[in-house]
$ cat model.pdb   # PDB, C-alpha atoms and all ligand atoms
MODEL        1
ATOM      1  CA  MET F   1       0.000   0.000   0.000
ATOM      2  CA  THR F   2       1.342   3.410  -0.936
ATOM      3  CA  VAL F   3       1.453   5.938   1.885
ATOM      4  CA  VAL F   4       2.681   9.538   1.746
ATOM      5  CA  TYR F   5       3.034  12.083   4.525
ATOM      6  CA  GLU F   6       2.529  15.837   4.400
ATOM      7  CA  LYS F   7       2.714  18.697   6.878
ATOM      8  CA  SER F   8       0.471  21.717   6.853
ATOM      9  CA  PRO F   9       1.892  24.668   8.811
ATOM     10  CA  ALA F  10      -0.272  27.536  10.050
ATOM     11  CA  LYS F  11      -0.047  30.840   8.174
ATOM     12  CA  ILE F  12      -0.098  34.332   9.602
ATOM     13  CA  ASN F  13      -0.813  37.565   7.733
ATOM     14  CA  LEU F  14       1.906  40.126   8.450
ATOM     15  CA  LEU F  15      -0.139  42.580   6.432
ATOM     16  CA  LEU F  16      -3.646  42.442   5.026
ATOM     17  CA  ASP F  17      -5.143  45.268   3.015
ATOM     18  CA  VAL F  18      -8.417  45.282   1.115
ATOM     19  CA  LEU F  19      -8.315  47.479  -1.959
ATOM     20  CA  GLY F  20     -11.917  47.134  -3.089
ATOM     21  CA  ARG F  21     -14.948  44.984  -3.666
ATOM     22  CA  ARG F  22     -15.060  42.938  -6.880
ATOM     23  CA  ASP F  23     -17.956  42.093  -9.160
ATOM     24  CA  ASP F  24     -17.652  38.387  -8.262
ATOM     25  CA  GLY F  25     -18.447  39.073  -4.581
ATOM     26  CA  TYR F  26     -14.834  38.687  -3.442
ATOM     27  CA  HIS F  27     -12.473  41.467  -2.410
ATOM     28  CA  GLU F  28      -9.287  42.641  -4.063
ATOM     29  CA  LEU F  29      -6.533  41.924  -1.537
ATOM     30  CA  GLU F  30      -2.941  42.788  -0.900
ATOM     31  CA  THR F  31      -1.584  40.526   1.806
ATOM     32  CA  VAL F  32       1.831  39.395   3.017
ATOM     33  CA  MET F  33       1.776  35.905   4.495
ATOM     34  CA  THR F  34       4.322  33.703   6.163
ATOM     35  CA  MET F  35       4.277  30.441   8.126
ATOM     36  CA  VAL F  36       4.897  29.360  11.686
ATOM     37  CA  ASP F  37       6.194  26.111  13.088
ATOM     38  CA  LEU F  38       2.837  24.744  14.207
ATOM     39  CA  ALA F  39       1.490  22.222  11.741
ATOM     40  CA  ASP F  40      -1.170  19.623  11.066
ATOM     41  CA  ARG F  41       0.164  16.262   9.936
ATOM     42  CA  LEU F  42      -1.498  14.216   7.219
ATOM     43  CA  GLU F  43      -1.075  10.597   6.254
ATOM     44  CA  LEU F  44      -2.473   9.719   2.822
ATOM     45  CA  ALA F  45      -2.937   5.997   2.254
ATOM     46  CA  GLU F  46      -3.994   4.672  -1.121
ATOM     47  CA  LEU F  47      -7.239   2.674  -1.219
ATOM     48  CA  PRO F  48      -7.975   0.234  -4.039
ATOM     49  CA  GLU F  49     -11.648   1.292  -3.986
ATOM     50  CA  ASP F  50     -13.006   4.486  -5.508
ATOM     51  CA  ARG F  51     -13.522   6.293  -2.191
ATOM     52  CA  VAL F  52     -12.315   9.305  -0.200
ATOM     53  CA  GLU F  53     -12.147   8.768   3.560
ATOM     54  CA  LEU F  54     -11.078  11.330   6.108
ATOM     55  CA  VAL F  55     -10.437  10.550   9.749
ATOM     56  CA  SER F  56      -9.200  12.869  12.476
ATOM     57  CA  GLN F  57      -8.711  12.850  16.220
ATOM     58  CA  SER F  58     -10.201  16.354  16.333
ATOM     59  CA  PRO F  59     -13.897  16.674  17.182
ATOM     60  CA  ALA F  60     -13.788  20.284  15.927
ATOM     61  CA  ILE F  61     -13.846  19.538  12.190
ATOM     62  CA  PRO F  62     -16.240  17.791   9.811
ATOM     63  CA  THR F  63     -14.781  14.717   8.121
ATOM     64  CA  ASP F  64     -17.189  14.564   5.178
ATOM     65  CA  GLU F  65     -17.490  16.640   1.983
ATOM     66  CA  ARG F  66     -17.699  19.842   4.051
ATOM     67  CA  ASN F  67     -14.008  19.457   4.870
ATOM     68  CA  LEU F  68     -11.789  21.237   2.327
ATOM     69  CA  ALA F  69      -9.206  18.405   2.466
ATOM     70  CA  HIS F  70     -11.938  15.962   1.446
ATOM     71  CA  GLN F  71     -12.940  18.311  -1.401
ATOM     72  CA  ALA F  72      -9.286  18.535  -2.495
ATOM     73  CA  ALA F  73      -9.057  14.735  -2.827
ATOM     74  CA  ARG F  74     -12.309  14.597  -4.817
ATOM     75  CA  LEU F  75     -11.088  17.367  -7.108
ATOM     76  CA  MET F  76      -7.829  15.497  -7.847
ATOM     77  CA  LYS F  77      -9.666  12.229  -8.508
ATOM     78  CA  GLU F  78     -12.251  13.795 -10.795
ATOM     79  CA  ARG F  79      -9.936  16.137 -12.702
ATOM     80  CA  PHE F  80      -7.374  13.414 -13.453
ATOM     81  CA  GLY F  81      -9.730  10.444 -13.737
ATOM     82  CA  VAL F  82      -8.125   8.514 -10.882
ATOM     83  CA  SER F  83     -10.199   5.447 -10.019
ATOM     84  CA  LYS F  84      -8.283   4.612  -6.836
ATOM     85  CA  GLY F  85      -9.225   6.125  -3.500
ATOM     86  CA  VAL F  86      -7.468   7.566  -0.490
ATOM     87  CA  ARG F  87      -7.748   7.486   3.276
ATOM     88  CA  ILE F  88      -6.614  10.781   4.799
ATOM     89  CA  THR F  89      -5.630  10.612   8.462
ATOM     90  CA  LEU F  90      -5.478  14.153   9.758
ATOM     91  CA  ASP F  91      -3.612  14.904  12.973
ATOM     92  CA  LYS F  92      -5.103  18.335  13.698
ATOM     93  CA  ARG F  93      -2.828  20.647  15.694
ATOM     94  CA  VAL F  94      -3.504  24.080  14.169
ATOM     95  CA  PRO F  95      -6.443  25.864  15.849
ATOM     96  CA  VAL F  96      -9.631  25.558  13.803
ATOM     97  CA  ALA F  97     -11.480  28.548  12.244
ATOM     98  CA  ALA F  98      -8.831  30.797  13.683
ATOM     99  CA  GLY F  99      -7.465  32.961  10.845
ATOM    100  CA  LEU F 100      -4.494  30.601  10.461
ATOM    101  CA  ALA F 101      -5.645  28.905   7.218
ATOM    102  CA  GLY F 102      -5.807  25.526   8.941
ATOM    103  CA  GLY F 103      -8.460  24.093   6.607
ATOM    104  CA  SER F 104      -6.866  25.624   3.498
ATOM    105  CA  GLY F 105      -3.493  24.222   4.541
ATOM    106  CA  ASP F 106      -4.901  20.711   4.871
ATOM    107  CA  ALA F 107      -6.461  20.979   1.397
ATOM    108  CA  ALA F 108      -3.119  22.172  -0.010
ATOM    109  CA  ALA F 109      -1.334  19.260   1.684
ATOM    110  CA  VAL F 110      -3.774  16.809   0.062
ATOM    111  CA  LEU F 111      -3.109  18.363  -3.383
ATOM    112  CA  ARG F 112       0.682  18.061  -2.913
ATOM    113  CA  GLY F 113       0.431  14.570  -1.424
ATOM    114  CA  LEU F 114      -1.881  13.094  -4.073
ATOM    115  CA  ASN F 115       0.246  14.621  -6.838
ATOM    116  CA  ARG F 116       3.130  12.529  -5.453
ATOM    117  CA  MET F 117       1.118   9.422  -4.604
ATOM    118  CA  TRP F 118      -0.596   9.161  -7.983
ATOM    119  CA  ARG F 119       2.490  10.421  -9.887
ATOM    120  CA  LEU F 120       0.435  13.058 -11.668
ATOM    121  CA  GLY F 121       3.521  15.161 -12.409
ATOM    122  CA  LEU F 122       1.759  18.486 -11.776
ATOM    123  CA  LYS F 123       3.969  21.533 -11.367
ATOM    124  CA  GLY F 124       3.660  23.881  -8.399
ATOM    125  CA  GLU F 125       1.750  26.445 -10.421
ATOM    126  CA  GLU F 126      -0.739  23.843 -11.636
ATOM    127  CA  LEU F 127      -1.355  22.722  -8.062
ATOM    128  CA  GLU F 128      -1.802  26.347  -7.008
ATOM    129  CA  ALA F 129      -4.388  26.845  -9.775
ATOM    130  CA  LEU F 130      -6.289  23.773  -8.551
ATOM    131  CA  GLY F 131      -6.038  25.194  -5.037
ATOM    132  CA  ALA F 132      -7.681  28.439  -6.183
ATOM    133  CA  GLU F 133     -10.782  26.402  -7.090
ATOM    134  CA  LEU F 134     -11.055  25.332  -3.442
ATOM    135  CA  GLY F 135     -10.448  28.626  -1.627
ATOM    136  CA  SER F 136      -8.615  31.938  -1.723
ATOM    137  CA  ASP F 137      -5.867  30.912   0.745
ATOM    138  CA  VAL F 138      -5.197  27.487  -0.776
ATOM    139  CA  PRO F 139      -2.760  28.593  -3.549
ATOM    140  CA  TYR F 140      -0.536  30.216  -0.907
ATOM    141  CA  CYS F 141      -0.766  27.127   1.292
ATOM    142  CA  VAL F 142       0.353  24.971  -1.653
ATOM    143  CA  ARG F 143       3.458  27.139  -2.097
ATOM    144  CA  GLY F 144       4.305  28.149   1.470
ATOM    145  CA  GLY F 145       7.090  30.495   2.522
ATOM    146  CA  THR F 146       6.762  34.266   2.609
ATOM    147  CA  VAL F 147       4.711  35.803  -0.192
ATOM    148  CA  LEU F 148       2.779  38.822  -1.330
ATOM    149  CA  ALA F 149      -0.663  37.663  -2.468
ATOM    150  CA  ARG F 150      -2.928  39.823  -4.596
ATOM    151  CA  GLY F 151      -6.221  39.445  -6.459
ATOM    152  CA  ARG F 152      -8.504  37.125  -4.491
ATOM    153  CA  GLY F 153      -5.342  35.771  -2.897
ATOM    154  CA  GLU F 154      -4.220  33.628  -5.840
ATOM    155  CA  ILE F 155      -1.632  35.940  -7.480
ATOM    156  CA  LEU F 156       1.555  35.106  -5.609
ATOM    157  CA  GLU F 157       4.962  36.728  -5.509
ATOM    158  CA  ASP F 158       7.773  35.275  -3.385
ATOM    159  CA  LEU F 159       9.338  37.550  -0.798
ATOM    160  CA  PRO F 160      12.404  37.182   1.411
ATOM    161  CA  PRO F 161      11.520  35.642   4.794
ATOM    162  CA  PRO F 162      11.397  37.840   7.889
ATOM    163  CA  PRO F 163      14.481  37.623  10.135
ATOM    164  CA  PRO F 164      14.273  34.536  12.385
ATOM    165  CA  CYS F 165      12.082  35.207  15.411
ATOM    166  CA  TRP F 166       9.433  33.706  17.697
ATOM    167  CA  VAL F 167       5.701  33.965  17.311
ATOM    168  CA  VAL F 168       3.217  33.856  20.174
ATOM    169  CA  LEU F 169      -0.231  32.791  18.986
ATOM    170  CA  ALA F 170      -3.332  33.296  21.121
ATOM    171  CA  ARG F 171      -6.702  32.128  19.890
ATOM    172  CA  PRO F 172      -9.559  33.630  21.893
ATOM    173  CA  PRO F 173     -12.604  31.366  22.268
ATOM    174  CA  VAL F 174     -14.866  33.267  19.882
ATOM    175  CA  SER F 175     -16.019  32.145  16.476
ATOM    176  CA  VAL F 176     -15.591  34.367  13.480
ATOM    177  CA  SER F 177     -16.971  33.856   9.991
ATOM    178  CA  THR F 178     -14.647  35.125   7.247
ATOM    179  CA  THR F 179     -17.629  35.726   4.954
ATOM    180  CA  ASP F 180     -19.312  37.802   7.655
ATOM    181  CA  VAL F 181     -16.178  39.858   8.383
ATOM    182  CA  PHE F 182     -15.725  40.728   4.694
ATOM    183  CA  ALA F 183     -19.443  41.525   4.369
ATOM    184  CA  ARG F 184     -19.278  43.953   7.315
ATOM    185  CA  LEU F 185     -16.156  45.706   6.072
ATOM    186  CA  ASN F 186     -16.964  49.290   5.142
ATOM    187  CA  LEU F 187     -14.057  50.522   3.090
ATOM    188  CA  VAL F 188     -15.179  54.155   3.375
ATOM    189  CA  GLU F 189     -14.468  53.980   7.126
ATOM    190  CA  ILE F 190     -10.881  52.923   6.586
ATOM    191  CA  THR F 191      -8.842  56.068   6.372
ATOM    192  CA  GLU F 192      -5.471  54.475   7.010
ATOM    193  CA  HIS F 193      -4.356  51.473   5.002
ATOM    194  CA  PRO F 194      -1.261  49.456   5.914
ATOM    195  CA  SER F 195       1.546  49.835   3.380
ATOM    196  CA  ALA F 196       2.556  46.642   1.574
ATOM    197  CA  GLU F 197       5.458  48.579   0.090
ATOM    198  CA  ARG F 198       6.784  49.383   3.559
ATOM    199  CA  MET F 199       6.467  45.730   4.617
ATOM    200  CA  ILE F 200       8.229  44.515   1.462
ATOM    201  CA  ASP F 201      11.056  47.036   2.021
ATOM    202  CA  ALA F 202      11.461  45.835   5.607
ATOM    203  CA  LEU F 203      11.638  42.212   4.416
ATOM    204  CA  ARG F 204      14.186  43.086   1.710
ATOM    205  CA  GLN F 205      16.300  44.930   4.294
ATOM    206  CA  ARG F 206      15.946  41.987   6.709
ATOM    207  CA  SER F 207      14.827  44.448   9.357
ATOM    208  CA  PHE F 208      12.926  42.859  12.255
ATOM    209  CA  ALA F 209      12.007  46.289  13.661
ATOM    210  CA  GLY F 210      10.884  47.317  10.177
ATOM    211  CA  VAL F 211       8.630  44.235   9.858
ATOM    212  CA  CYS F 212       7.113  44.890  13.304
ATOM    213  CA  GLY F 213       6.537  48.538  12.397
ATOM    214  CA  ALA F 214       4.811  47.681   9.116
ATOM    215  CA  LEU F 215       2.304  45.134  10.527
ATOM    216  CA  GLY F 216      -1.299  45.978   9.681
ATOM    217  CA  ASN F 217      -4.641  44.296   8.988
ATOM    218  CA  VAL F 218      -7.740  46.244   7.898
ATOM    219  CA  LEU F 219     -10.001  43.350   8.947
ATOM    220  CA  GLU F 220      -9.215  44.262  12.571
ATOM    221  CA  HIS F 221     -11.655  47.166  12.078
ATOM    222  CA  VAL F 222     -14.485  44.636  11.827
ATOM    223  CA  THR F 223     -13.449  41.718  14.035
ATOM    224  CA  LEU F 224     -12.198  43.778  16.988
ATOM    225  CA  ARG F 225     -15.480  45.674  17.052
ATOM    226  CA  LEU F 226     -17.441  42.406  17.084
ATOM    227  CA  HIS F 227     -15.211  40.826  19.741
ATOM    228  CA  PRO F 228     -13.606  43.328  22.137
ATOM    229  CA  GLU F 229     -11.800  40.488  23.955
ATOM    230  CA  ILE F 230      -9.438  40.277  20.968
ATOM    231  CA  ARG F 231      -8.431  43.879  21.653
ATOM    232  CA  GLN F 232      -7.638  42.868  25.237
ATOM    233  CA  ILE F 233      -5.376  40.060  24.081
ATOM    234  CA  LYS F 234      -3.577  42.469  21.753
ATOM    235  CA  ALA F 235      -3.091  44.958  24.570
ATOM    236  CA  CYS F 236      -1.866  42.219  26.882
ATOM    237  CA  MET F 237       0.732  40.982  24.384
ATOM    238  CA  GLU F 238       1.915  44.538  23.820
ATOM    239  CA  LYS F 239       2.159  45.211  27.549
ATOM    240  CA  MET F 240       4.174  42.046  28.077
ATOM    241  CA  GLY F 241       6.669  43.308  25.522
ATOM    242  CA  ALA F 242       5.937  41.596  22.188
ATOM    243  CA  ASP F 243       7.771  43.537  19.485
ATOM    244  CA  GLY F 244       4.830  43.574  17.060
ATOM    245  CA  VAL F 245       1.217  42.437  17.565
ATOM    246  CA  LEU F 246      -1.555  41.843  15.028
ATOM    247  CA  MET F 247      -4.692  39.799  14.382
ATOM    248  CA  SER F 248      -4.206  37.165  11.670
ATOM    249  CA  GLY F 249      -6.580  37.013   8.674
ATOM    250  CA  SER F 250     -10.193  37.583   9.661
ATOM    251  CA  GLY F 251      -9.300  36.442  13.195
ATOM    252  CA  PRO F 252      -9.770  35.707  15.946
ATOM    253  CA  THR F 253      -6.137  34.595  16.500
ATOM    254  CA  VAL F 254      -3.713  37.314  17.596
ATOM    255  CA  PHE F 255       0.001  36.851  17.019
ATOM    256  CA  GLY F 256       2.961  38.592  18.586
ATOM    257  CA  LEU F 257       6.395  38.681  16.980
ATOM    258  CA  VAL F 258       9.142  38.375  19.553
ATOM    259  CA  ALA F 259      12.886  38.456  18.942
ATOM    260  CA  ARG F 260      13.951  36.262  21.860
ATOM    261  CA  GLU F 261      12.727  32.807  22.860
ATOM    262  CA  GLU F 262      12.695  33.427  26.645
ATOM    263  CA  LYS F 263      10.454  36.424  26.187
ATOM    264  CA  ALA F 264       8.104  34.542  23.839
ATOM    265  CA  VAL F 265       7.755  31.741  26.392
ATOM    266  CA  ARG F 266       7.127  34.292  29.171
ATOM    267  CA  ILE F 267       4.444  36.103  27.150
ATOM    268  CA  ALA F 268       2.748  32.802  26.251
ATOM    269  CA  GLY F 269       2.766  31.817  29.940
ATOM    270  CA  GLY F 270       1.174  35.116  30.914
ATOM    271  CA  LEU F 271      -1.581  34.788  28.320
ATOM    272  CA  ARG F 272      -2.533  31.252  29.326
ATOM    273  CA  GLY F 273      -4.270  32.676  32.399
ATOM    274  CA  PHE F 274      -7.169  33.924  30.306
ATOM    275  CA  CYS F 275      -6.835  32.235  26.915
ATOM    276  CA  LYS F 276      -6.739  28.446  26.569
ATOM    277  CA  GLU F 277      -5.161  28.143  23.134
ATOM    278  CA  VAL F 278      -1.723  29.757  23.320
ATOM    279  CA  TYR F 279       1.484  28.726  21.544
ATOM    280  CA  ALA F 280       5.054  30.008  21.331
ATOM    281  CA  VAL F 281       6.614  28.755  18.103
ATOM    282  CA  ARG F 282       9.341  29.682  15.662
ATOM    283  CA  LEU F 283       8.589  31.639  12.525
ATOM    284  CA  LEU F 284       9.022  29.506   9.408
ATOM    285  CA  GLY F 285       9.769  32.091   6.718
ATOM    286  CA  GLU F 286      11.142  29.699   4.077
ATOM    287  CA  SER F 287       8.841  27.221   2.388
ATOM    288  CA  PRO F 288       9.359  23.659   3.654
ATOM    289  CA  PHE F 289       7.874  22.240   0.437
ATOM    290  CA  PRO F 290       9.931  21.230  -2.594
ATOM    291  CA  ARG F 291       9.091  23.494  -5.527
ATOM    292  CA  GLY F 292       7.805  21.455  -8.489
TER     293      GLY F 292
HETATM  294  O1  LIG W   1     -12.168  31.792  -0.830
HETATM  295  P1  LIG W   1     -12.748  31.422   0.492
HETATM  296  O2  LIG W   1     -13.894  30.454   0.357
HETATM  297  O3  LIG W   1     -11.730  30.942   1.475
HETATM  298  O4  LIG W   1     -13.326  32.754   1.109
HETATM  299  C1  LIG W   1     -14.210  32.765   2.193
HETATM  300  C2  LIG W   1     -15.031  34.032   2.152
HETATM  301  O5  LIG W   1     -14.193  35.167   2.401
HETATM  302  C3  LIG W   1     -15.673  34.306   0.804
HETATM  303  O6  LIG W   1     -16.933  33.728   0.730
HETATM  304  C4  LIG W   1     -15.753  35.811   0.776
HETATM  305  O7  LIG W   1     -16.910  36.220   1.467
HETATM  306  C5  LIG W   1     -14.552  36.257   1.595
HETATM  307  N1  LIG W   1     -13.413  36.653   0.755
HETATM  308  C6  LIG W   1     -13.490  37.848   0.059
HETATM  309  N2  LIG W   1     -12.416  38.221  -0.721
HETATM  310  C7  LIG W   1     -11.310  37.469  -0.790
HETATM  311  C8  LIG W   1     -11.228  36.256  -0.070
HETATM  312  C9  LIG W   1     -12.309  35.876   0.697
HETATM  313  O8  LIG W   1     -14.483  38.566   0.107
HETATM  314  N3  LIG W   1     -10.289  37.872  -1.548
ENDMDL
END
$ encode --input "model.pdb" --output "structure tokens" --more "lines below"
Ligand code: C5P
Amino acid sequence: MTVVYEKSPAKINLLLDVLGRRDDGYHELETVMTMVDLADRLELAELPEDRVELVSQSPAIPTDERNLAHQAARLMKERFGVSKGVRITLDKRVPVAAGLAGGSGDAAAVLRGLNRMWRLGLKGEELEALGAELGSDVPYCVRGGTVLARGRGEILEDLPPPPPCWVVLARPPVSVSTTDVFARLNLVEITEHPSAERMIDALRQRSFAGVCGALGNVLEHVTLRLHPEIRQIKACMEKMGADGVLMSGSGPTVFGLVAREEKAVRIAGGLRGFCKEVYAVRLLGESPFPRG
């Protein structure tokens, strides 16, 4: 039996700007994303029967067609006429519905893994294009590393990774719908947009202070208003000395960039008092995936 393994690291948005609403209902984005060393693990085992099975230890996710990883397997089978099946065993470690692209990352891992398992010979860009059919974050998750994403999120440009540092992640126990956050966004209210140019300059200059100074996410305008406790977590991380603090994606996870490990561990310890899901992990600026 053929078995392949994949990892799906969490993403964070160092910058997220919305430039406008599009005719297709989506928004025109400009976002800088990178990865952290907190990952789901997937085992893909070939099945002789024409079936997609998904199992996970996590009670927090659906394991049927509603799961994007399941949809990714179906898409690969149908598009390439594969009559064999697959059993996906998902070891879920990335917080769910958190703004960390956990579901998109799992779907991307299934695309990469099945490309290898079924020897489909698809190049990175072809896998990214398939990913775009599943969700706006999936093309980035296929590629990994540090990128500028534009359009719906599918136009990718590689960027240099941020200088090595630690990331404290805190996921408050509130649920946020990405669709709802985008729907509530009133662009007229946003007078100050974060500057992607400034972030890209900071990355090119390998300036940690520059990266921290250029962090920005316009979706905070919506999510922080809906859930004031996220603002508290931000304030707490700042007070404890994180060098840069921001909400990731549409939230609710807040991340803090911290230069030194001891401080990251101390901040994470302090946050655990009032937030259950807290992690201190390394930033993973370079893509761990081989580029096809
Ligand atoms: O593409 P995906 O299904 O992940 O997007 C989830 C929701 O986020 C969409 O239904 C849409 O409401 C919103 N979205 C958007 N513009 C984007 C990406 C997502 O409005 N560029």
$ closest_residue --input "model.pdb" --among "F:Gly131, F:Pro163, F:Gly144, F:Pro172" --to "F:Arg206" --atoms "only C-alpha atoms"
F:Pro163
$ axis_aligned_box --input "model.pdb" --around "ligand LIG 1 (chain W)" --padding-each-side "4 Å" --output "lines of an AutoDock Vina configuration file"
center_x = -13.6
center_y = 34.5
center_z = 0.4
size_x = 14.6
size_y = 16.1
size_z = 11.9
$ closest_residue --input "model.pdb" --among "F:Arg260, F:Arg152, F:Lys84, F:Arg66" --to "ligand LIG 1 (chain W)" --atoms "only C-alpha atoms and all ligand atoms"
F:Arg152
$ residues_around --input "model.pdb" --residues "F:Lys239" --least-positions-apart "4" --cutoff "12 Å" --atoms "all atoms listed in the file" --output "short mmCIF file (atom, residue, chain, number, x, y, z; two decimals) with C-alpha atoms, in the frame of the given file"
data_model
loop_
_atom_site.label_atom_id
_atom_site.label_comp_id
_atom_site.auth_asym_id
_atom_site.auth_seq_id
_atom_site.Cartn_x
_atom_site.Cartn_y
_atom_site.Cartn_z
CA GLN F 232 -7.64 42.87 25.24
CA ILE F 233 -5.38 40.06 24.08
CA LYS F 234 -3.58 42.47 21.75
CA ALA F 235 -3.09 44.96 24.57
CA ASP F 243 7.77 43.54 19.48
CA GLY F 244 4.83 43.57 17.06
CA VAL F 245 1.22 42.44 17.57
CA GLY F 256 2.96 38.59 18.59
CA ILE F 267 4.44 36.10 27.15
CA GLY F 270 1.17 35.12 30.91
CA LEU F 271 -1.58 34.79 28.32
#
$ resolve_selection --input "model.pdb" --expression "the PyMOL selection byres (((chain F and resi 183) around 10) and not hetatm)" --output "list of chain:residue names"
F:Arg21, F:Gly25, F:Tyr26, F:His27, F:Ser177, F:Thr178, F:Thr179, F:Asp180, F:Val181, F:Phe182, F:Arg184, F:Leu185, F:Asn186, F:Val222
$ closest_residue --input "model.pdb" --among "F:Glu53, F:Glu126, F:Glu78, F:Glu154" --to "ligand LIG 1 (chain W)" --atoms "all atoms listed in the file"
F:Glu154
$ residues_near_ligand --input "model.pdb" --ligand "ligand LIG 1 (chain W)" --cutoff "12 Å" --atoms "only C-alpha atoms and all ligand atoms" --output "VMD selection string"
chain F and resid 16 to 31 66 to 68 97 99 to 105 107 131 to 141 149 to 155 176 to 185 219 249 to 251
$ resolve_selection --input "model.pdb" --expression "the PyMOL selection byres (((chain F and resi 1-14) around 7) and not hetatm)" --output "MDAnalysis selection string"
chainID F and resid 15:16 31:46 94 100:102 105:106 109 113 117 215:216 248:249
$ write_last_selection --input "model.pdb" --atoms "C-alpha atoms" --output "compact mmCIF listing (two decimals), in the frame of the given file"
# COMPACT_ATOMS: atom_id res chain seq x y z
CA LEU F 15 -0.14 42.58 6.43
CA LEU F 16 -3.65 42.44 5.03
CA THR F 31 -1.58 40.53 1.81
CA VAL F 32 1.83 39.40 3.02
CA MET F 33 1.78 35.90 4.50
CA THR F 34 4.32 33.70 6.16
CA MET F 35 4.28 30.44 8.13
CA VAL F 36 4.90 29.36 11.69
CA ASP F 37 6.19 26.11 13.09
CA LEU F 38 2.84 24.74 14.21
CA ALA F 39 1.49 22.22 11.74
CA ASP F 40 -1.17 19.62 11.07
CA ARG F 41 0.16 16.26 9.94
CA LEU F 42 -1.50 14.22 7.22
CA GLU F 43 -1.08 10.60 6.25
CA LEU F 44 -2.47 9.72 2.82
CA ALA F 45 -2.94 6.00 2.25
CA GLU F 46 -3.99 4.67 -1.12
CA VAL F 94 -3.50 24.08 14.17
CA LEU F 100 -4.49 30.60 10.46
CA ALA F 101 -5.64 28.90 7.22
CA GLY F 102 -5.81 25.53 8.94
CA GLY F 105 -3.49 24.22 4.54
CA ASP F 106 -4.90 20.71 4.87
CA ALA F 109 -1.33 19.26 1.68
CA GLY F 113 0.43 14.57 -1.42
CA MET F 117 1.12 9.42 -4.60
CA LEU F 215 2.30 45.13 10.53
CA GLY F 216 -1.30 45.98 9.68
CA SER F 248 -4.21 37.16 11.67
CA GLY F 249 -6.58 37.01 8.67
$ closest_residue --input "model.pdb" --among "F:Arg143, F:Arg119, F:His193, F:His227" --to "F:Val82" --atoms "only C-alpha atoms"
F:Arg119
$ atom_distance --input "model.pdb" --atom1 "atom CA of F:Cys165" --atom2 "atom CA of F:Glu125"
29.2 Å
$ closest_residue --input "model.pdb" --among "F:Ala73, F:Leu169, F:Val110, F:Ala242" --to "F:Asp50" --atoms "all atoms listed in the file"
F:Ala73
$ resolve_selection --input "model.pdb" --expression "the PyMOL selection byres (((chain F and resi 281) around 7) and not hetatm)" --output "PyMOL selection string"
chain F and resi 36-38+166-168+279-280+282-283
$ atom_distance --input "model.pdb" --atom1 "atom CA of F:Arg171" --atom2 "atom CA of F:Thr253"
4.2 Å
$ atom_distance --input "model.pdb" --atom1 "atom CA of F:Cys236" --atom2 "atom CA of F:Thr191"
25.7 Å
$ closest_residue --input "model.pdb" --among "F:Leu90, F:Leu75, F:Leu226, F:Val147" --to "F:Leu114" --atoms "all atoms listed in the file"
F:Leu75
$ residues_around --input "model.pdb" --residues "F:His70" --least-positions-apart "5" --cutoff "7 Å" --atoms "only C-alpha atoms" --output "ChimeraX atom specification"
/F:52,54,64-65
$ residues_around --input "model.pdb" --residues "F:Pro162" --least-positions-apart "4" --cutoff "10 Å" --atoms "all atoms listed in the file" --output "number ranges by chain"
F: 14, 34, 146, 199-200, 202-208, 210-212, 283-286
